[in-house]
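A short worksheet on the structure shown next.
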Amino acid sequence: MSTTVRPTGDPVEFKATVFPFLQKDPVLNTALLSNVEGRIQGIMHDPEPPLFVSLHDGDEVVGAVVSTALRGIILGALADDLVPPLVDVLADLVPGADSVEGTPTAAHLFAELFTARVGKSFRELRGLRLHQLITFAEQKAAGTPRLATEADLEVAAELFHGYSVELGHDSTPATADDWLRGRIALERVWLSEDRDRVVSLVGRNATIFGATRVGPVYTPPEYRGHGYASALTAHVTDQILATGSKACLFTDRANPTSNKIYATIGYRPIADFVGLSFT
């Protein structure tokens with residue numbers, strides 16, 4: 001196979017090129033689909049212009065990759081044999097990229113080749129597991145779920161900032177505010193309230209090709225252990241299923257608590273991914 005790599009800075013052009021390919025498995029490709037859609041909708045903000053890359057075998061699209069300042073290089077489910085030609089292009093276009101995320105074999109191969117080209121080293125940052133809802137089981141807790149409104153922006157931003165810090169992402173109250181404002185307007189953020197306290201936050205992404213990803217999910221440490229996140233995630237999942245969409249989400253493979261919670265709701269693992277950082 002002779003692979004052609006085509007970069008662009010235009011998310012609309014990229015969507016027209018790669019979405020028919022990604023549509024073949026909208027759950028497996030959820031991260032790429034929502035990333036591109038979020039930029040087209042204007043609810044994702046980058047300190048530097050993102051780069052969108054399509055890979056082609058003749059006239060056929062065989063891969064799609066996104067590189068952003070905040071999320072690094074997202075390979076999705078890119079096939080291993082497409083990694084070398086991709087590195088040839090990205091090592092020149094984004095030599096300062098600080099991370100890559102993809103399937104374990106593709107991400108490690110990319111990291112090895114890329115860091116050798118740009119003079120860096122790499123280490124594993126996190127292991128991710130993609131789950132899809134198979135059989136739904138309702139969960140109960142003391143909190144009452146409700147959609148977040150603009151009046152909740154301050155408290156929701158505090159929770160999202162805590163979530164970002166816990167994941168090791170760069171975040172400030174201002175970036176949390178930016179992330180939430182558009183999503184609240186689109187009714188994609190839920191809160192759980194117990195005794196006049198907001199105790200948990202769950203978001204969802206856009207529904208694309210009949211699949212909707214849940215996330216982020218966050219409960220502050222002082223409110224954990226009461227089932228708030230489990231019940232709110234189940235509530236949001238039920239809302240997604242009611243529209244006829246498939247529900248999916250990512251978990252941290254190293255966090256047995258969250259994996260157990262989602263399994264109780266009815267989520268089952270379908271693929272593993274890994275994030276690697278470059279230094």
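To be explicit about the labels: the chains of the structure tokens are called A, B, and onward in the order shown, and within each one the residues are counted from 1, while ligands get numbers from 1 in the order they are shown.
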If you count only C-alpha atoms, which residues fall within 9 Å of A:Gly96, apart from same-chain ones fewer than 3 positions away, as a PyMOL selection string? chain A and resi 91+93+118+278
Pick out the residues sitting within 10 Å of stretch 211-217 of chain A, and hand them over as a PyMOL selection string; count only C-alpha atoms, and ignore anything fewer than 5 positions along from it in its own chain. chain A and resi 23+25-31+33-34+130-132+159-160+163-164+188-190+200-206+229-230+232-234+236-237+240-241+244-251+258
Filtered DSSP result for stretch 4-250 of chain A, state strand (DSSP E), as an MDAnalysis selection string: chainID A and resid 4:8 51:57 60:68 72:76 99:102 122:133 144:147 189:194 197:204 211:218 246:250
One-decimal distance in Å that lies between atom CA of A:Phe273 and atom CA of A:Ala157: 27.6 Å
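Using only C-alpha atoms for every distance, the candidate list A:Pro95, A:Pro145, A:Gly127, A:Pro11 yields A:Pro11 as the residue closest to A:Arg39.
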re atom CA of A:Gly225 and atom CA of A:Glu193: distance 15.0 Å
Which residue gives the smallest distance to A:Gly119 among A:Ala97, A:Leu70, A:Ile40, A:Ala77, with only C-alpha atoms counted?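 Checking each candidate against A:Gly119, we get A:Ala97 as the closest.
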With a distance cut-off of 12 Å and only C-alpha atoms, select the neighbouring residues of A:Asp196, excluding the residue or stretch itself and same-chain residues fewer than 5 positions from it, and output the selection as a list in words.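 Close residues of A:Asp196: Ala142, Gly143, Thr144 and Leu191 of chain A.
Residues in contact with A:Asp46 at up to 12 Å, not including ones fewer than 3 positions away on its chain and judged by only C-alpha atoms, are Asn35, Gly38, Arg39, Gly42, Ile43, Pro49, Pro50, Leu51, Ser67, Thr68, Ala69, Leu70, Arg71, Gly72, Thr175, Asp178 and Trp179 of chain A.
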Keeping only N, CA, C and O atoms, write those residues as a compact mmCIF listing (two decimals), in the first residue's frame.
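What landed in again_26.txt:
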```
# COMPACT_ATOMS: atom_id res chain seq x y z
N ASN A 35 -13.97 15.36 18.77
CA ASN A 35 -12.93 16.39 18.76
C ASN A 35 -13.12 17.33 17.57
O ASN A 35 -13.08 18.56 17.72
N GLY A 38 -16.54 19.26 17.86
CA GLY A 38 -16.47 20.32 18.86
C GLY A 38 -15.80 21.58 18.34
O GLY A 38 -16.19 22.70 18.70
N ARG A 39 -14.81 21.42 17.49
CA ARG A 39 -14.15 22.60 16.92
C ARG A 39 -15.03 23.28 15.88
O ARG A 39 -15.05 24.51 15.77
N GLY A 42 -17.52 25.29 17.68
CA GLY A 42 -16.96 26.42 18.42
C GLY A 42 -16.95 26.25 19.92
O GLY A 42 -16.87 27.24 20.65
N ILE A 43 -17.01 25.00 20.41
CA ILE A 43 -17.01 24.77 21.86
C ILE A 43 -15.68 24.20 22.34
O ILE A 43 -15.53 23.87 23.52
N PRO A 49 -3.41 26.87 16.56
CA PRO A 49 -4.29 26.21 15.58
C PRO A 49 -4.04 24.70 15.52
O PRO A 49 -2.90 24.25 15.48
N PRO A 50 -5.11 23.89 15.55
CA PRO A 50 -4.95 22.44 15.45
C PRO A 50 -4.59 22.02 14.03
O PRO A 50 -4.77 22.79 13.07
N LEU A 51 -4.10 20.80 13.90
CA LEU A 51 -3.76 20.23 12.60
C LEU A 51 -4.57 18.96 12.42
O LEU A 51 -4.64 18.11 13.32
N SER A 67 -4.06 16.68 15.70
CA SER A 67 -3.01 17.16 16.59
C SER A 67 -3.42 18.52 17.14
O SER A 67 -3.66 19.46 16.39
N THR A 68 -3.50 18.63 18.49
CA THR A 68 -3.89 19.89 19.12
C THR A 68 -2.91 20.21 20.24
O THR A 68 -2.27 19.32 20.82
N ALA A 69 -2.85 21.49 20.58
CA ALA A 69 -1.94 21.92 21.64
C ALA A 69 -2.35 21.37 23.00
O ALA A 69 -1.50 21.11 23.85
N LEU A 70 -3.65 21.19 23.23
CA LEU A 70 -4.12 20.75 24.54
C LEU A 70 -4.19 19.23 24.67
O LEU A 70 -3.97 18.70 25.76
N ARG A 71 -4.49 18.52 23.59
CA ARG A 71 -4.68 17.08 23.67
C ARG A 71 -3.55 16.28 23.03
O ARG A 71 -3.54 15.05 23.10
N GLY A 72 -2.60 16.95 22.40
CA GLY A 72 -1.53 16.22 21.73
C GLY A 72 -2.01 15.60 20.43
O GLY A 72 -2.97 16.06 19.81
N THR A 175 -10.14 28.52 31.70
CA THR A 175 -10.30 27.49 30.68
C THR A 175 -11.49 26.59 31.01
O THR A 175 -12.20 26.13 30.12
N ASP A 178 -14.53 28.45 29.87
CA ASP A 178 -14.66 28.36 28.41
C ASP A 178 -15.20 27.00 27.99
O ASP A 178 -16.06 26.91 27.11
N TRP A 179 -14.69 25.94 28.61
CA TRP A 179 -15.10 24.59 28.24
C TRP A 179 -16.59 24.37 28.53
O TRP A 179 -17.31 23.76 27.74
```
Those of stretch 52-169 of chain A in DSSP helix (DSSP H, G or I), formatted as a PDB file with C-alpha atoms, in the first residue's frame:
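Output file states_22.pdb is given in full below:
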```pdb
ATOM      1  CA  ASP A  80       0.138   0.230  12.909  1.00  0.00           C
ATOM      2  CA  ASP A  81       1.384   0.185   9.312  1.00  0.00           C
ATOM      3  CA  LEU A  82       0.195   3.776   8.810  1.00  0.00           C
ATOM      4  CA  VAL A  83       2.371   5.106  11.632  1.00  0.00           C
ATOM      5  CA  PRO A  84       5.733   5.469   9.751  1.00  0.00           C
ATOM      6  CA  PRO A  85       4.398   7.662   6.917  1.00  0.00           C
ATOM      7  CA  LEU A  86       2.454   9.721   9.468  1.00  0.00           C
ATOM      8  CA  VAL A  87       5.598  10.308  11.550  1.00  0.00           C
ATOM      9  CA  ASP A  88       7.436  11.475   8.423  1.00  0.00           C
ATOM     10  CA  VAL A  89       4.907  14.304   8.094  1.00  0.00           C
ATOM     11  CA  LEU A  90       4.198  15.194  11.716  1.00  0.00           C
ATOM     12  CA  ALA A  91       7.857  15.294  12.760  1.00  0.00           C
ATOM     13  CA  ASP A  92       8.214  18.229  10.375  1.00  0.00           C
ATOM     14  CA  LEU A  93       4.842  19.913  10.988  1.00  0.00           C
ATOM     15  CA  PRO A 104      -1.106   0.484  22.567  1.00  0.00           C
ATOM     16  CA  THR A 105       0.891  -0.818  19.588  1.00  0.00           C
ATOM     17  CA  ALA A 106       0.356   2.187  17.323  1.00  0.00           C
ATOM     18  CA  ALA A 107       0.979   4.750  20.075  1.00  0.00           C
ATOM     19  CA  HIS A 108       4.233   3.102  21.192  1.00  0.00           C
ATOM     20  CA  LEU A 109       5.457   2.767  17.616  1.00  0.00           C
ATOM     21  CA  PHE A 110       4.606   6.399  16.930  1.00  0.00           C
ATOM     22  CA  ALA A 111       6.379   7.519  20.123  1.00  0.00           C
ATOM     23  CA  GLU A 112       9.517   5.536  19.287  1.00  0.00           C
ATOM     24  CA  LEU A 113       9.776   6.894  15.743  1.00  0.00           C
ATOM     25  CA  PHE A 114       8.670  10.443  16.539  1.00  0.00           C
ATOM     26  CA  THR A 115      10.956  10.997  19.522  1.00  0.00           C
ATOM     27  CA  ALA A 116      13.907   9.588  17.589  1.00  0.00           C
ATOM     28  CA  ARG A 117      13.225  12.147  14.855  1.00  0.00           C
ATOM     29  CA  VAL A 118      12.755  15.193  17.111  1.00  0.00           C
ATOM     30  CA  GLU A 150     -25.804  29.316  33.134  1.00  0.00           C
ATOM     31  CA  ALA A 151     -26.443  30.110  36.808  1.00  0.00           C
ATOM     32  CA  ASP A 152     -24.385  27.012  37.676  1.00  0.00           C
ATOM     33  CA  LEU A 153     -21.353  28.127  35.691  1.00  0.00           C
ATOM     34  CA  GLU A 154     -19.193  29.054  38.678  1.00  0.00           C
ATOM     35  CA  VAL A 155     -19.722  25.857  40.658  1.00  0.00           C
ATOM     36  CA  ALA A 156     -19.536  23.689  37.530  1.00  0.00           C
ATOM     37  CA  ALA A 157     -16.241  25.352  36.556  1.00  0.00           C
ATOM     38  CA  GLU A 158     -14.838  24.522  39.996  1.00  0.00           C
ATOM     39  CA  LEU A 159     -15.722  20.860  39.489  1.00  0.00           C
ATOM     40  CA  PHE A 160     -14.349  20.747  35.948  1.00  0.00           C
ATOM     41  CA  HIS A 161     -11.128  22.415  37.092  1.00  0.00           C
ATOM     42  CA  GLY A 162     -10.772  19.755  39.789  1.00  0.00           C
ATOM     43  CA  TYR A 163     -11.355  17.030  37.200  1.00  0.00           C
ATOM     44  CA  SER A 164      -8.692  18.489  34.889  1.00  0.00           C
ATOM     45  CA  VAL A 165      -6.118  18.848  37.669  1.00  0.00           C
ATOM     46  CA  GLU A 166      -6.730  15.252  38.773  1.00  0.00           C
ATOM     47  CA  LEU A 167      -6.028  14.059  35.227  1.00  0.00           C
TER      48      LEU A 167
END
```
Pick the closest to A:Leu276 from A:Leu125, A:Val12, A:Ile74, A:Phe21: which is it, counting only C-alpha atoms?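 Going through A:Leu125, A:Val12, A:Ile74, A:Phe21 one by one, the smallest distance to A:Leu276 is for A:Leu125.
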